[in-house]
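What follows is a single structure, written as structure tokens, with notes after it.
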Amino acid sequence: MFKVPDMSDYVFSPPAIQAIPIVGSDKLFPVNRIFCVGRNYEAHAKEMGAEIDREAPFYFTKSAASISMAEGSISYAKRTQNYHYEMEMVLAIGTAGLNVDIADAESLIFGCAAGLDMTRRDLQNDAKKLGRPWDTGKDVEQSAVITPIKPIAEVPSIAKARIHLAQNGETKQESDLALMVWSAAEIIADLSSLYHLQPGDLIYTGTPAGVGPVERGDTLVGGVEGVADFTVSFT
Ligand code: MN
């Protein structure tokens with residue numbers, strides 16, 4: 001007879017569930033997986049020396065343990081001399097979906113947040129040259145920075161909104177969601193042909209041009225119009 005395990009059945013405490021506050025609610029959004037879209041703004045692809053591939057979007061992942069709320073201070077990552085910010089709009093999935101049509105894709109969205117896909121650019125660039133995976137460059141502790149999630153009904157637009165980031169008061173990234181190569185609906189539809197999307201999945205939708213390194217002591221102020229604004233510092 002199957003017995004539901006309780007805490008005493010484990011050799012140590014299971015990892016904590018990563019959970020994100022929801023704007024206007026006492027409930028939390030429990031994080032399942034974190035998907036990230038690569039090269040979703042043409043100007044950013046160009047600054048990285050790449051061309052846009054209009055055949056299909058591509059993805060990498062971060063573990064749920066890499067979540068860090070976009071507030072207070074964040075630790076500068078280990079083993080990097082080139083820790084980059086990437087300002088992004090984040091989709092929070094609330095409904096499961098497999099092989100979803102583009103026309104139905106937005107119905108899977110629970111809400112949106114603003115976030116940073118922090119990246120050990122030196123390790124990512126080394127991995128690219130050697131044809132190795134990006135994991136150590138991208139799946140970094142405290143690297144999936146995110147604001148509280150705003151329910152989708154309260155978000156004015158996920159198709160057109162200013163996305164911006166300033167470093168120590170100087171604007172570094174300034175663009176619009178309208179310039180995403182793949183829209184939110186297209187990303188969800190495509191990703192749902194690779195994975196059975198689940199409530200709790202997060203999708204970082206890619207960064208516009210202007211990425212660059214942070215230093216310890218820096219302050220970043222970022223946001224997506226109508227979604228969220230945040231301030232974080234690095235120590
Ligand atoms: Mn990114």
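Naming scheme: A, B, ... for chains in displayed order of the structure tokens; residues 1 onward per chain; ligands 1 onward as shown.
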
Distance query A:Glu71 at most 10 Å, only C-alpha atoms, self and fewer than 5 positions along chain excluded, as a compact mmCIF listing (two decimals) with all heavy atoms, in the first residue's frame:
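Wrote selection_5.txt, looks like this:
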# COMPACT_ATOMS: atom_id res chain seq x y z
N VAL A 145 16.33 36.74 -10.99
CA VAL A 145 15.79 37.83 -10.17
C VAL A 145 14.38 38.14 -10.65
O VAL A 145 14.14 38.20 -11.87
CB VAL A 145 16.71 39.06 -10.28
CG1 VAL A 145 16.18 40.21 -9.46
CG2 VAL A 145 18.14 38.69 -9.86
N ILE A 146 13.44 38.32 -9.73
CA ILE A 146 12.04 38.51 -10.13
C ILE A 146 11.29 39.37 -9.14
O ILE A 146 11.53 39.30 -7.93
CB ILE A 146 11.36 37.13 -10.33
CG1 ILE A 146 9.99 37.28 -11.01
CG2 ILE A 146 11.25 36.38 -9.00
CD1 ILE A 146 9.43 35.95 -11.52
N THR A 147 10.38 40.19 -9.67
CA THR A 147 9.48 40.99 -8.83
C THR A 147 8.26 40.14 -8.46
O THR A 147 8.05 39.06 -9.03
CB THR A 147 8.96 42.22 -9.59
OG1 THR A 147 8.15 41.77 -10.69
CG2 THR A 147 10.10 43.09 -10.11
N PHE A 230 11.56 47.81 -10.01
CA PHE A 230 12.34 47.30 -8.88
C PHE A 230 13.68 48.02 -8.76
O PHE A 230 14.16 48.64 -9.72
CB PHE A 230 12.58 45.79 -9.02
CG PHE A 230 13.46 45.42 -10.19
CD1 PHE A 230 14.84 45.42 -10.08
CD2 PHE A 230 12.89 45.09 -11.42
CE1 PHE A 230 15.65 45.08 -11.16
CE2 PHE A 230 13.70 44.75 -12.51
CZ PHE A 230 15.07 44.76 -12.38
N THR A 231 14.28 47.91 -7.59
CA THR A 231 15.63 48.39 -7.32
C THR A 231 16.38 47.29 -6.58
O THR A 231 15.88 46.75 -5.60
CB THR A 231 15.60 49.66 -6.45
OG1 THR A 231 14.84 50.67 -7.12
CG2 THR A 231 17.00 50.17 -6.17
N VAL A 232 17.57 46.93 -7.08
CA VAL A 232 18.42 45.96 -6.37
C VAL A 232 19.85 46.48 -6.36
O VAL A 232 20.25 47.26 -7.22
CB VAL A 232 18.42 44.54 -7.04
CG1 VAL A 232 17.08 43.88 -6.93
CG2 VAL A 232 18.89 44.60 -8.48
N SER A 233 20.62 46.04 -5.36
CA SER A 233 22.04 46.35 -5.34
C SER A 233 22.83 45.07 -5.27
O SER A 233 22.28 43.99 -4.97
CB SER A 233 22.37 47.25 -4.15
OG SER A 233 22.03 46.59 -2.95

Tell me, as a ChimeraX atom specification, which residues lie within 8 Å of A:Tyr83, counting only C-alpha atoms; anything in the same chain fewer than 3 positions away does not count.
/A:76-77,80,118-122,212-215

Could you turn the residues from that selection into a file that holds N, CA and C atoms, as a tab-separated table (two decimals), in the first residue's frame?
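Wrote again_22.tsv, looks like this:
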chain	number	residue	atom	x	y	z
A	76	TYR	N	27.09	39.06	-5.65
A	76	TYR	CA	27.83	38.91	-6.91
A	76	TYR	C	28.22	37.45	-7.04
A	77	ALA	N	28.07	36.87	-8.24
A	77	ALA	CA	28.25	35.43	-8.41
A	77	ALA	C	29.71	35.00	-8.26
A	80	THR	N	33.29	34.44	-11.58
A	80	THR	CA	33.09	35.27	-12.78
A	80	THR	C	33.76	36.62	-12.56
A	118	MET	N	20.42	37.12	-14.73
A	118	MET	CA	21.84	37.39	-14.46
A	118	MET	C	22.69	36.26	-15.05
A	119	THR	N	23.81	36.65	-15.65
A	119	THR	CA	24.58	35.72	-16.49
A	119	THR	C	26.08	35.87	-16.24
A	120	ARG	N	26.76	34.73	-15.98
A	120	ARG	CA	28.24	34.76	-15.94
A	120	ARG	C	28.71	34.75	-17.39
A	121	ARG	N	28.83	35.98	-17.99
A	121	ARG	CA	29.06	36.09	-19.43
A	121	ARG	C	30.38	35.45	-19.83
A	122	ASP	N	31.40	35.55	-18.98
A	122	ASP	CA	32.68	34.94	-19.34
A	122	ASP	C	32.54	33.43	-19.48
A	212	GLY	N	25.28	44.43	-19.88
A	212	GLY	CA	26.63	44.79	-19.45
A	212	GLY	C	26.90	44.27	-18.05
A	213	PRO	N	28.14	44.47	-17.58
A	213	PRO	CA	28.54	43.91	-16.29
A	213	PRO	C	28.11	44.78	-15.10
A	214	VAL	N	27.82	44.11	-13.99
A	214	VAL	CA	27.64	44.82	-12.71
A	214	VAL	C	28.94	44.70	-11.91
A	215	GLU	N	29.12	45.63	-10.99
A	215	GLU	CA	30.21	45.55	-10.02
A	215	GLU	C	29.57	45.54	-8.63

Hey, which of A:Asp101, A:Glu86, A:Glu55, A:Glu174 ends up closest to ligand 1? Count only C-alpha atoms and all ligand atoms.
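Residue with the minimum atom-to-atom distance to ligand 1: A:Glu86.
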
Residues within 6 Å of ligand 1 should be enumerated using only C-alpha atoms and all ligand atoms and returned as a list in words.
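What falls inside 6 Å of ligand 1 is Gly38, Glu86, Asp117, Gly206 and Thr207 of chain A.
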
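Running DSSP on the backbone gives alpha helix (DSSP H) for these residues within stretch 76-153 of chain A: Ile102, Ala103, Asp104, Ala105, Arg121, Asp122, Leu123, Gln124, Asn125, Asp126, Ala127, Lys128, Lys129, Leu130, Asp135, Thr136, Gly137 and Lys138 of chain A.
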
Contact residues around stretch 91-93 of chain A with only C-alpha atoms at 8 Å, ignoring same-chain residues under 2 positions, as a PyMOL selection string
chain A and resi 89+95-96+108-113+149+184+197-205

Output of the above residues as a CSV table (one decimal), in the first residue's frame, restricted to N, CA, C and O atoms:
chain,number,residue,atom,x,y,z
A,89,MET,N,11.0,40.7,-19.3
A,89,MET,CA,9.6,40.5,-18.9
A,89,MET,C,9.5,39.0,-18.6
A,89,MET,O,10.0,38.1,-19.4
A,95,THR,N,-1.8,27.6,-16.0
A,95,THR,CA,-2.7,26.5,-16.5
A,95,THR,C,-1.8,25.6,-17.3
A,95,THR,O,-1.0,26.1,-18.1
A,96,ALA,N,-2.0,24.3,-17.1
A,96,ALA,CA,-1.2,23.3,-17.9
A,96,ALA,C,-1.5,23.4,-19.3
A,96,ALA,O,-2.7,23.7,-19.7
A,108,LEU,N,-3.0,30.5,-20.9
A,108,LEU,CA,-2.2,29.8,-19.9
A,108,LEU,C,-1.5,30.7,-18.9
A,108,LEU,O,-0.9,30.3,-17.9
A,109,ILE,N,-1.5,32.0,-19.2
A,109,ILE,CA,-0.7,33.0,-18.4
A,109,ILE,C,-1.5,33.3,-17.1
A,109,ILE,O,-2.6,33.8,-17.1
A,110,PHE,N,-0.8,33.1,-16.0
A,110,PHE,CA,-1.4,33.5,-14.7
A,110,PHE,C,-1.1,35.0,-14.5
A,110,PHE,O,-2.0,35.8,-14.0
A,111,GLY,N,0.1,35.4,-14.8
A,111,GLY,CA,0.5,36.8,-14.6
A,111,GLY,C,1.9,37.1,-15.1
A,111,GLY,O,2.5,36.3,-15.8
A,112,CYS,N,2.4,38.3,-14.8
A,112,CYS,CA,3.6,38.7,-15.4
A,112,CYS,C,4.5,39.4,-14.3
A,112,CYS,O,3.9,39.9,-13.3
A,113,ALA,N,5.8,39.4,-14.5
A,113,ALA,CA,6.7,40.1,-13.6
A,113,ALA,C,7.8,40.7,-14.4
A,113,ALA,O,7.9,40.4,-15.6
A,149,ILE,N,4.5,38.9,-8.8
A,149,ILE,CA,3.8,38.6,-10.0
A,149,ILE,C,2.5,39.4,-10.0
A,149,ILE,O,1.7,39.4,-9.1
A,184,ALA,N,4.7,36.7,-26.6
A,184,ALA,CA,4.4,35.8,-25.5
A,184,ALA,C,3.6,34.6,-26.0
A,184,ALA,O,3.9,33.4,-25.6
A,197,LEU,N,3.7,22.2,-20.4
A,197,LEU,CA,3.8,23.3,-19.5
A,197,LEU,C,2.9,23.1,-18.3
A,197,LEU,O,1.8,22.5,-18.4
A,198,GLN,N,3.3,23.5,-17.1
A,198,GLN,CA,2.6,23.3,-15.8
A,198,GLN,C,2.4,24.6,-15.1
A,198,GLN,O,3.3,25.5,-15.2
A,199,PRO,N,1.4,24.6,-14.3
A,199,PRO,CA,1.3,25.8,-13.4
A,199,PRO,C,2.5,25.9,-12.5
A,199,PRO,O,3.1,24.9,-12.0
A,200,GLY,N,3.0,27.1,-12.4
A,200,GLY,CA,4.3,27.3,-11.6
A,200,GLY,C,5.5,27.5,-12.5
A,200,GLY,O,6.6,27.9,-12.1
A,201,ASP,N,5.4,27.2,-13.8
A,201,ASP,CA,6.5,27.4,-14.7
A,201,ASP,C,6.6,28.9,-15.0
A,201,ASP,O,5.6,29.6,-15.1
A,202,LEU,N,7.9,29.4,-15.1
A,202,LEU,CA,8.2,30.8,-15.4
A,202,LEU,C,8.9,30.8,-16.7
A,202,LEU,O,9.7,29.9,-17.0
A,203,ILE,N,8.6,31.8,-17.5
A,203,ILE,CA,9.3,32.0,-18.8
A,203,ILE,C,10.0,33.4,-18.8
A,203,ILE,O,9.2,34.4,-18.8
A,204,TYR,N,11.3,33.5,-18.8
A,204,TYR,CA,12.0,34.7,-19.0
A,204,TYR,C,12.1,35.0,-20.5
A,204,TYR,O,12.6,34.1,-21.3
A,205,THR,N,11.5,36.1,-21.0
A,205,THR,CA,11.2,36.3,-22.4
A,205,THR,C,12.3,36.9,-23.2
A,205,THR,O,12.1,37.3,-24.4

Separation of atom CA of A:Tyr59 and atom CA of A:Pro208, in Å?
15.9 Å

All strand (DSSP E or B) positions in stretch 37-183 of chain A, as a ChimeraX atom specification
/A:37-38,41,58-62,67-69,73-74,83-85,87-93,97,109-117,119-120,144-146,149-151,162-167,170-176,180

Taking into account only C-alpha atoms, which residue in the set A:Ser73, A:Val37, A:Val4, A:Asp104 is nearest to A:Gly217?
A:Ser73

As JSON, numbers by chain, please: the residues near A:Glu170 (cut-off 12 Å, only C-alpha atoms, same-chain neighbours under 5 positions excluded).
{"A": [164, 165, 210, 218, 219, 220, 221, 222]}

Generate the output file for the selected residues, all heavy atoms, as a PDB file, in the first residue's frame.
ATOM      1  N   HIS A 164      12.959  48.638 -19.355  1.00  0.00           N
ATOM      2  CA  HIS A 164      14.086  49.559 -19.128  1.00  0.00           C
ATOM      3  C   HIS A 164      14.925  49.124 -17.935  1.00  0.00           C
ATOM      4  O   HIS A 164      14.437  48.468 -17.016  1.00  0.00           O
ATOM      5  CB  HIS A 164      13.541  50.976 -18.881  1.00  0.00           C
ATOM      6  CG  HIS A 164      12.561  51.040 -17.744  1.00  0.00           C
ATOM      7  ND1 HIS A 164      12.924  51.341 -16.457  1.00  0.00           N
ATOM      8  CD2 HIS A 164      11.231  50.788 -17.703  1.00  0.00           C
ATOM      9  CE1 HIS A 164      11.851  51.291 -15.681  1.00  0.00           C
ATOM     10  NE2 HIS A 164      10.818  50.960 -16.399  1.00  0.00           N
ATOM     11  N   LEU A 165      16.196  49.529 -17.968  1.00  0.00           N
ATOM     12  CA  LEU A 165      17.096  49.260 -16.850  1.00  0.00           C
ATOM     13  C   LEU A 165      18.161  50.357 -16.769  1.00  0.00           C
ATOM     14  O   LEU A 165      18.747  50.739 -17.791  1.00  0.00           O
ATOM     15  CB  LEU A 165      17.791  47.905 -17.014  1.00  0.00           C
ATOM     16  CG  LEU A 165      18.677  47.580 -15.820  1.00  0.00           C
ATOM     17  CD1 LEU A 165      18.137  46.389 -15.047  1.00  0.00           C
ATOM     18  CD2 LEU A 165      20.102  47.341 -16.226  1.00  0.00           C
ATOM     19  N   GLY A 210      21.902  46.330 -24.778  1.00  0.00           N
ATOM     20  CA  GLY A 210      22.455  47.164 -23.715  1.00  0.00           C
ATOM     21  C   GLY A 210      22.911  46.396 -22.494  1.00  0.00           C
ATOM     22  O   GLY A 210      23.151  46.983 -21.448  1.00  0.00           O
ATOM     23  N   ASP A 218      27.024  48.301  -7.086  1.00  0.00           N
ATOM     24  CA  ASP A 218      26.122  48.885  -8.086  1.00  0.00           C
ATOM     25  C   ASP A 218      24.664  48.787  -7.652  1.00  0.00           C
ATOM     26  O   ASP A 218      24.277  47.842  -6.956  1.00  0.00           O
ATOM     27  CB  ASP A 218      26.245  48.141  -9.430  1.00  0.00           C
ATOM     28  CG  ASP A 218      27.452  48.579 -10.237  1.00  0.00           C
ATOM     29  OD1 ASP A 218      28.194  49.471  -9.780  1.00  0.00           O
ATOM     30  OD2 ASP A 218      27.646  48.011 -11.335  1.00  0.00           O
ATOM     31  N   THR A 219      23.885  49.745  -8.124  1.00  0.00           N
ATOM     32  CA  THR A 219      22.432  49.688  -7.970  1.00  0.00           C
ATOM     33  C   THR A 219      21.796  49.623  -9.350  1.00  0.00           C
ATOM     34  O   THR A 219      22.155  50.397 -10.240  1.00  0.00           O
ATOM     35  CB  THR A 219      21.917  50.932  -7.217  1.00  0.00           C
ATOM     36  OG1 THR A 219      22.485  50.933  -5.905  1.00  0.00           O
ATOM     37  CG2 THR A 219      20.395  50.907  -7.103  1.00  0.00           C
ATOM     38  N   LEU A 220      20.884  48.668  -9.518  1.00  0.00           N
ATOM     39  CA  LEU A 220      20.117  48.557 -10.763  1.00  0.00           C
ATOM     40  C   LEU A 220      18.666  48.924 -10.482  1.00  0.00           C
ATOM     41  O   LEU A 220      18.078  48.441  -9.508  1.00  0.00           O
ATOM     42  CB  LEU A 220      20.169  47.125 -11.317  1.00  0.00           C
ATOM     43  CG  LEU A 220      21.528  46.534 -11.685  1.00  0.00           C
ATOM     44  CD1 LEU A 220      21.345  45.135 -12.279  1.00  0.00           C
ATOM     45  CD2 LEU A 220      22.284  47.429 -12.676  1.00  0.00           C
ATOM     46  N   VAL A 221      18.112  49.783 -11.330  1.00  0.00           N
ATOM     47  CA  VAL A 221      16.688  50.128 -11.272  1.00  0.00           C
ATOM     48  C   VAL A 221      16.094  49.701 -12.608  1.00  0.00           C
ATOM     49  O   VAL A 221      16.537  50.161 -13.662  1.00  0.00           O
ATOM     50  CB  VAL A 221      16.474  51.636 -11.043  1.00  0.00           C
ATOM     51  CG1 VAL A 221      14.994  51.983 -11.089  1.00  0.00           C
ATOM     52  CG2 VAL A 221      17.068  52.052  -9.692  1.00  0.00           C
ATOM     53  N   GLY A 222      15.112  48.801 -12.568  1.00  0.00           N
ATOM     54  CA  GLY A 222      14.546  48.300 -13.812  1.00  0.00           C
ATOM     55  C   GLY A 222      13.048  48.154 -13.733  1.00  0.00           C
ATOM     56  O   GLY A 222      12.441  48.339 -12.663  1.00  0.00           O
TER      57      GLY A 222
END
